[in-house]
file structure_13.csv (CSV, C-alpha atoms and all ligand atoms)
chain,number,residue,atom,x,y,z
Y,568,MET,CA,14.8,0.6,10.5
Y,569,SER,CA,15.9,1.6,7.1
Y,570,THR,CA,13.1,2.5,4.7
Y,571,ALA,CA,15.2,3.6,1.8
Y,572,TYR,CA,14.5,2.1,-1.6
Y,573,ASP,CA,17.0,-0.7,-2.5
Y,574,SER,CA,17.2,-1.2,-6.2
Y,575,SER,CA,18.6,-4.7,-5.8
Y,576,ASN,CA,15.1,-6.1,-4.9
Y,577,ILE,CA,13.6,-8.8,-7.1
Y,578,PHE,CA,10.9,-6.7,-8.8
Y,579,ALA,CA,13.5,-4.0,-9.7
Y,580,LYS,CA,15.5,-6.8,-11.4
Y,581,ILE,CA,12.3,-7.9,-13.3
Y,582,ILE,CA,11.8,-4.3,-14.5
Y,583,ARG,CA,15.4,-4.1,-15.7
Y,584,GLY,CA,15.0,-7.4,-17.4
Y,585,GLU,CA,17.7,-9.1,-15.2
Y,586,LEU,CA,15.2,-11.7,-13.9
Y,587,PRO,CA,12.4,-13.4,-15.9
Y,588,ALA,CA,8.7,-13.0,-15.2
Y,589,TYR,CA,5.4,-14.3,-16.7
Y,590,LYS,CA,4.4,-10.8,-17.9
Y,591,VAL,CA,0.7,-10.2,-18.7
Y,592,TYR,CA,0.5,-6.4,-19.1
Y,593,GLU,CA,2.8,-3.4,-19.5
Y,594,ASP,CA,2.3,0.3,-20.1
Y,595,ALA,CA,4.5,3.4,-19.7
Y,596,ASP,CA,4.1,3.4,-15.9
Y,597,THR,CA,3.3,-0.1,-14.8
Y,598,LEU,CA,4.0,-3.8,-15.2
Y,599,ALA,CA,1.8,-6.8,-14.3
Y,600,PHE,CA,3.1,-10.4,-14.0
Y,601,MET,CA,2.2,-13.6,-12.3
Y,602,ASP,CA,3.0,-14.2,-8.7
Y,603,ILE,CA,5.2,-17.3,-8.6
Y,604,MET,CA,3.7,-18.5,-5.3
Y,605,PRO,CA,0.0,-17.9,-6.1
Y,606,ARG,CA,-2.5,-17.6,-3.3
Y,607,SER,CA,-5.3,-18.2,-5.8
Y,608,ARG,CA,-5.4,-19.4,-9.4
Y,609,GLY,CA,-4.4,-16.5,-11.7
Y,610,HIS,CA,-2.8,-14.4,-8.8
Y,611,ALA,CA,-1.0,-11.5,-10.5
Y,612,LEU,CA,1.1,-8.6,-9.2
Y,613,VAL,CA,1.0,-5.0,-10.4
Y,614,ILE,CA,4.0,-2.7,-9.9
Y,615,PRO,CA,5.1,0.8,-10.9
Y,616,LYS,CA,8.1,0.9,-13.2
Y,617,THR,CA,9.6,3.7,-11.1
Y,618,PRO,CA,11.1,3.2,-7.6
Y,619,ALA,CA,8.8,3.1,-4.6
Y,620,ARG,CA,9.4,0.9,-1.6
Y,621,ASN,CA,5.7,0.7,-0.7
Y,622,ILE,CA,2.6,2.8,-0.2
Y,623,LEU,CA,4.3,4.9,2.5
Y,624,ASP,CA,6.8,6.5,0.1
Y,625,ALA,CA,4.9,6.2,-3.2
Y,626,ASN,CA,3.6,9.3,-4.9
Y,627,PRO,CA,0.0,9.7,-5.9
Y,628,SER,CA,0.7,9.2,-9.6
Y,629,GLN,CA,2.4,5.9,-9.0
Y,630,LEU,CA,-0.6,4.8,-6.9
Y,631,ALA,CA,-3.1,5.9,-9.5
Y,632,ALA,CA,-1.3,4.2,-12.3
Y,633,CYS,CA,-1.0,0.9,-10.3
Y,634,LEU,CA,-4.7,1.0,-9.4
Y,635,ALA,CA,-5.8,1.6,-13.0
Y,636,THR,CA,-3.7,-1.4,-14.1
Y,637,ALA,CA,-5.0,-3.5,-11.2
Y,638,GLN,CA,-8.5,-2.7,-12.3
Y,639,LYS,CA,-7.7,-3.7,-15.9
Y,640,VAL,CA,-5.9,-6.9,-14.8
Y,641,GLY,CA,-8.7,-7.7,-12.3
Y,642,ARG,CA,-11.5,-7.3,-14.9
Y,643,ALA,CA,-9.6,-9.5,-17.3
Y,644,ALA,CA,-8.9,-12.1,-14.5
Y,645,MET,CA,-12.6,-12.3,-13.7
Y,646,LYS,CA,-13.3,-13.4,-17.3
Y,647,ALA,CA,-10.1,-15.5,-17.9
Y,648,PHE,CA,-10.6,-17.6,-14.8
Y,649,ASP,CA,-14.4,-17.4,-14.5
Y,650,ALA,CA,-14.0,-16.0,-11.0
Y,651,ASP,CA,-16.8,-15.1,-8.6
Y,652,GLY,CA,-14.9,-12.2,-7.0
Y,653,LEU,CA,-11.7,-10.4,-6.7
Y,654,THR,CA,-9.4,-9.4,-3.8
Y,655,LEU,CA,-6.7,-6.7,-3.9
Y,656,GLN,CA,-3.9,-7.0,-1.3
Y,657,GLN,CA,-1.0,-4.7,-0.5
Y,658,PHE,CA,1.5,-5.0,2.3
Y,659,ASN,CA,3.9,-2.4,3.8
Y,660,GLU,CA,7.1,-3.1,5.8
Y,661,THR,CA,8.0,-6.4,7.4
Y,662,ALA,CA,5.5,-5.9,10.3
Y,663,GLY,CA,2.8,-5.2,7.7
Y,664,GLY,CA,3.6,-8.5,5.9
Y,665,GLN,CA,5.8,-7.1,3.1
Y,666,VAL,CA,8.5,-9.4,1.7
Y,667,VAL,CA,9.6,-7.7,-1.5
Y,668,PHE,CA,10.4,-4.0,-1.1
Y,669,HIS,CA,9.2,-2.6,-4.3
Y,670,LEU,CA,5.6,-1.3,-4.2
Y,671,HIS,CA,3.1,-4.0,-5.5
Y,672,PHE,CA,-0.6,-4.8,-5.5
Y,673,HIS,CA,-1.8,-8.4,-5.4
Y,674,VAL,CA,-4.7,-9.1,-7.8
Y,675,LEU,CA,-6.4,-12.3,-6.6
Y,676,PRO,CA,-9.3,-13.9,-8.4
Y,677,ARG,CA,-11.7,-15.6,-5.9
Y,678,TRP,CA,-14.3,-18.3,-5.9
Y,679,SER,CA,-17.1,-18.7,-3.5
Y,680,SER,CA,-16.1,-20.9,-0.5
Y,681,GLN,CA,-12.5,-21.1,-1.7
Y,682,LYS,CA,-10.0,-19.8,0.8
Y,683,LEU,CA,-6.7,-18.1,-0.2
Y,684,GLN,CA,-3.6,-20.3,-0.1
Y,685,PRO,CA,-0.9,-19.2,2.5
Y,686,HIS,CA,1.0,-16.0,1.7
Y,687,THR,CA,4.4,-16.9,0.0
Y,688,GLY,CA,3.5,-20.5,0.3
Y,689,GLN,CA,4.3,-23.0,-2.5
Y,690,MET,CA,6.0,-22.3,-5.8
Y,691,GLU,CA,3.7,-23.0,-8.7
Y,692,LYS,CA,4.8,-25.1,-11.7
Y,693,PRO,CA,6.3,-23.1,-14.6
Y,694,GLU,CA,3.8,-24.6,-17.1
Y,695,VAL,CA,0.8,-23.6,-14.9
Y,696,LEU,CA,2.2,-20.0,-14.5
Y,697,ALA,CA,2.8,-19.8,-18.3
Y,698,ALA,CA,-0.7,-21.1,-19.1
Y,699,ASN,CA,-2.4,-18.7,-16.6
Y,700,ALA,CA,-0.4,-15.8,-17.9
Y,701,GLU,CA,-1.5,-16.7,-21.5
Y,702,LYS,CA,-5.2,-16.8,-20.4
Y,703,LEU,CA,-4.8,-13.5,-18.7
Y,704,ARG,CA,-3.1,-11.9,-21.7
Y,705,GLN,CA,-5.8,-13.1,-24.0
Y,706,ALA,CA,-8.6,-11.7,-21.8
Y,707,LEU,CA,-6.7,-8.4,-21.6
Y,708,GLU,CA,-6.4,-8.3,-25.4
Y,709,ALA,CA,-10.1,-9.1,-25.8
Y,710,GLY,CA,-10.8,-6.1,-23.5
Y,801,LIG,P1,4.7,-9.2,-0.3
Y,801,LIG,O1,5.9,-8.4,-0.3
Y,801,LIG,O2,3.5,-8.6,-0.9
Y,801,LIG,O3,4.4,-9.7,1.1
Y,801,LIG,O4,4.9,-10.5,-1.1
Y,801,LIG,C1,5.7,-10.6,-2.2
Y,801,LIG,C2,5.0,-11.5,-3.2
Y,801,LIG,O5,6.0,-11.7,-4.3
Y,801,LIG,C3,4.6,-12.9,-2.7
Y,801,LIG,O6,3.3,-13.1,-3.1
Y,801,LIG,C4,5.6,-13.8,-3.5
Y,801,LIG,O7,5.0,-15.0,-3.8
Y,801,LIG,C5,6.0,-13.0,-4.7
Y,801,LIG,N1,7.3,-13.3,-5.2
Y,801,LIG,C6,8.4,-13.4,-4.5
Y,801,LIG,N2,9.5,-13.6,-5.3
Y,801,LIG,C7,9.0,-13.6,-6.6
Y,801,LIG,C8,9.7,-13.7,-7.8
Y,801,LIG,O8,10.9,-13.9,-8.0
Y,801,LIG,N3,8.9,-13.5,-8.9
Y,801,LIG,C9,7.5,-13.3,-8.8
Y,801,LIG,N4,6.8,-13.2,-10.0
Y,801,LIG,N5,6.9,-13.2,-7.6
Y,801,LIG,C10,7.6,-13.3,-6.5
call {"tool": "encode", "arguments": {"input": "structure_13.csv", "output": "structure tokens"}}
result
Amino acid sequence: MSTAYDSSNIFAKIIRGELPAYKVYEDADTLAFMDIMPRSRGHALVIPKTPARNILDANPSQLAACLATAQKVGRAAMKAFDADGLTLQQFNETAGGQVVFHLHFHVLPRWSSQKLQPHTGQMEKPEVLAANAEKLRQALEAG
């Protein structure tokens, strides 16, 4: 099994601006954008801007930067979507459920008695993703 970082992955292309994304937050080290197959309303992803395949090869500063951004995005998502709770998910290697091989953290707003949609299930409509990204950006700006 190869565990080398492959810079042709989808998230590396988003970082390089070769593929579009509904971006909600960016700083020197991380980027956050909407997941196109959301498991819950407002599902966002947080990634480091530098290469890491997953948590197994990431360095501590990449992990720290991603978690700080996940906390920011998560707090904003709680407000933006009037959520009851928040789930963070992170998958490693195919057997661990990973599909895209650039380190990422899932930030999932949750509501009481509402189950998560299937992982990599249905593609959300572009207008819904755009509206949710806007709500999240506004909540992030409001602090
Ligand atoms: P994981 O690797 O954590 O198992 O899953 C990858 C996640 O990336 C899934 O939740 C999937 O919906 C999301 N995803 C896959 N392709 C794209 C894409 O092109 N753009 C965005 N924004 N998300 C994607």
call {"tool": "closest_residue", "arguments": {"input": "structure_13.csv", "among": "Y:Glu708, Y:Val666, Y:Cys633, Y:Asn659", "to": "His686 (chain Y)", "atoms": "only C-alpha atoms"}}
result
Y:Val666
call {"tool": "closest_residue", "arguments": {"input": "structure_13.csv", "among": "Y:Asn699, Y:Asn626, Y:Thr636, Y:Thr597", "to": "His610 (chain Y)", "atoms": "all atoms listed in the file"}}
result
Y:Asn699
call {"tool": "residues_around", "arguments": {"input": "structure_13.csv", "residues": "Pro618 (chain Y)", "least_positions_apart": "5", "cutoff": "9 Å", "atoms": "only C-alpha atoms", "output": "MDAnalysis selection string"}}
result
chainID Y and resid 572:574 579 625 669:670
call {"tool": "closest_residue", "arguments": {"input": "structure_13.csv", "among": "Y:Val640, Y:Ala650, Y:Ala571, Y:Ala700", "to": "ligand LIG 801 (chain Y)", "atoms": "all atoms listed in the file"}}
result
Y:Ala700
call {"tool": "atom_distance", "arguments": {"input": "structure_13.csv", "atom1": "CA of Leu598 (chain Y)", "atom2": "CA of Ala662 (chain Y)"}}
result
25.6 Å
call {"tool": "closest_residue", "arguments": {"input": "structure_13.csv", "among": "Y:Asp596, Y:Arg620, Y:Leu696, Y:Leu707", "to": "Gln638 (chain Y)", "atoms": "all atoms listed in the file"}}
result
Y:Leu707
call {"tool": "residues_near_point", "arguments": {"input": "structure_13.csv", "point": "(8.7, -20.0, -15.5)", "cutoff": "12 Å", "atoms": "all atoms listed in the file", "output": "PDB file with C-alpha atoms, keeping the file's coordinate frame"}}
result
ATOM      1  CA  LEU Y 586      15.200 -11.700 -13.900  1.00  0.00           C
ATOM      2  CA  PRO Y 587      12.400 -13.400 -15.900  1.00  0.00           C
ATOM      3  CA  ALA Y 588       8.700 -13.000 -15.200  1.00  0.00           C
ATOM      4  CA  TYR Y 589       5.400 -14.300 -16.700  1.00  0.00           C
ATOM      5  CA  LYS Y 590       4.400 -10.800 -17.900  1.00  0.00           C
ATOM      6  CA  PHE Y 600       3.100 -10.400 -14.000  1.00  0.00           C
ATOM      7  CA  MET Y 601       2.200 -13.600 -12.300  1.00  0.00           C
ATOM      8  CA  ASP Y 602       3.000 -14.200  -8.700  1.00  0.00           C
ATOM      9  CA  ILE Y 603       5.200 -17.300  -8.600  1.00  0.00           C
ATOM     10  CA  MET Y 604       3.700 -18.500  -5.300  1.00  0.00           C
ATOM     11  CA  MET Y 690       6.000 -22.300  -5.800  1.00  0.00           C
ATOM     12  CA  GLU Y 691       3.700 -23.000  -8.700  1.00  0.00           C
ATOM     13  CA  LYS Y 692       4.800 -25.100 -11.700  1.00  0.00           C
ATOM     14  CA  PRO Y 693       6.300 -23.100 -14.600  1.00  0.00           C
ATOM     15  CA  GLU Y 694       3.800 -24.600 -17.100  1.00  0.00           C
ATOM     16  CA  VAL Y 695       0.800 -23.600 -14.900  1.00  0.00           C
ATOM     17  CA  LEU Y 696       2.200 -20.000 -14.500  1.00  0.00           C
ATOM     18  CA  ALA Y 697       2.800 -19.800 -18.300  1.00  0.00           C
ATOM     19  CA  ALA Y 698      -0.700 -21.100 -19.100  1.00  0.00           C
ATOM     20  CA  ASN Y 699      -2.400 -18.700 -16.600  1.00  0.00           C
ATOM     21  CA  ALA Y 700      -0.400 -15.800 -17.900  1.00  0.00           C
TER      22      ALA Y 700
END
call {"tool": "residues_around", "arguments": {"input": "structure_13.csv", "residues": "Lys646 (chain Y)", "least_positions_apart": "4", "cutoff": "10 Å", "atoms": "only C-alpha atoms", "output": "list in words"}}
result
Gly641, Arg642, Ala650, Asp651, Pro676, Lys702, Leu703, Ala706, Leu707 and Gly710 of chain Y
call {"tool": "atom_distance", "arguments": {"input": "structure_13.csv", "atom1": "atom C3 of ligand LIG 801 (chain Y)", "atom2": "CA of Gly664 (chain Y)"}}
result
9.7 Å
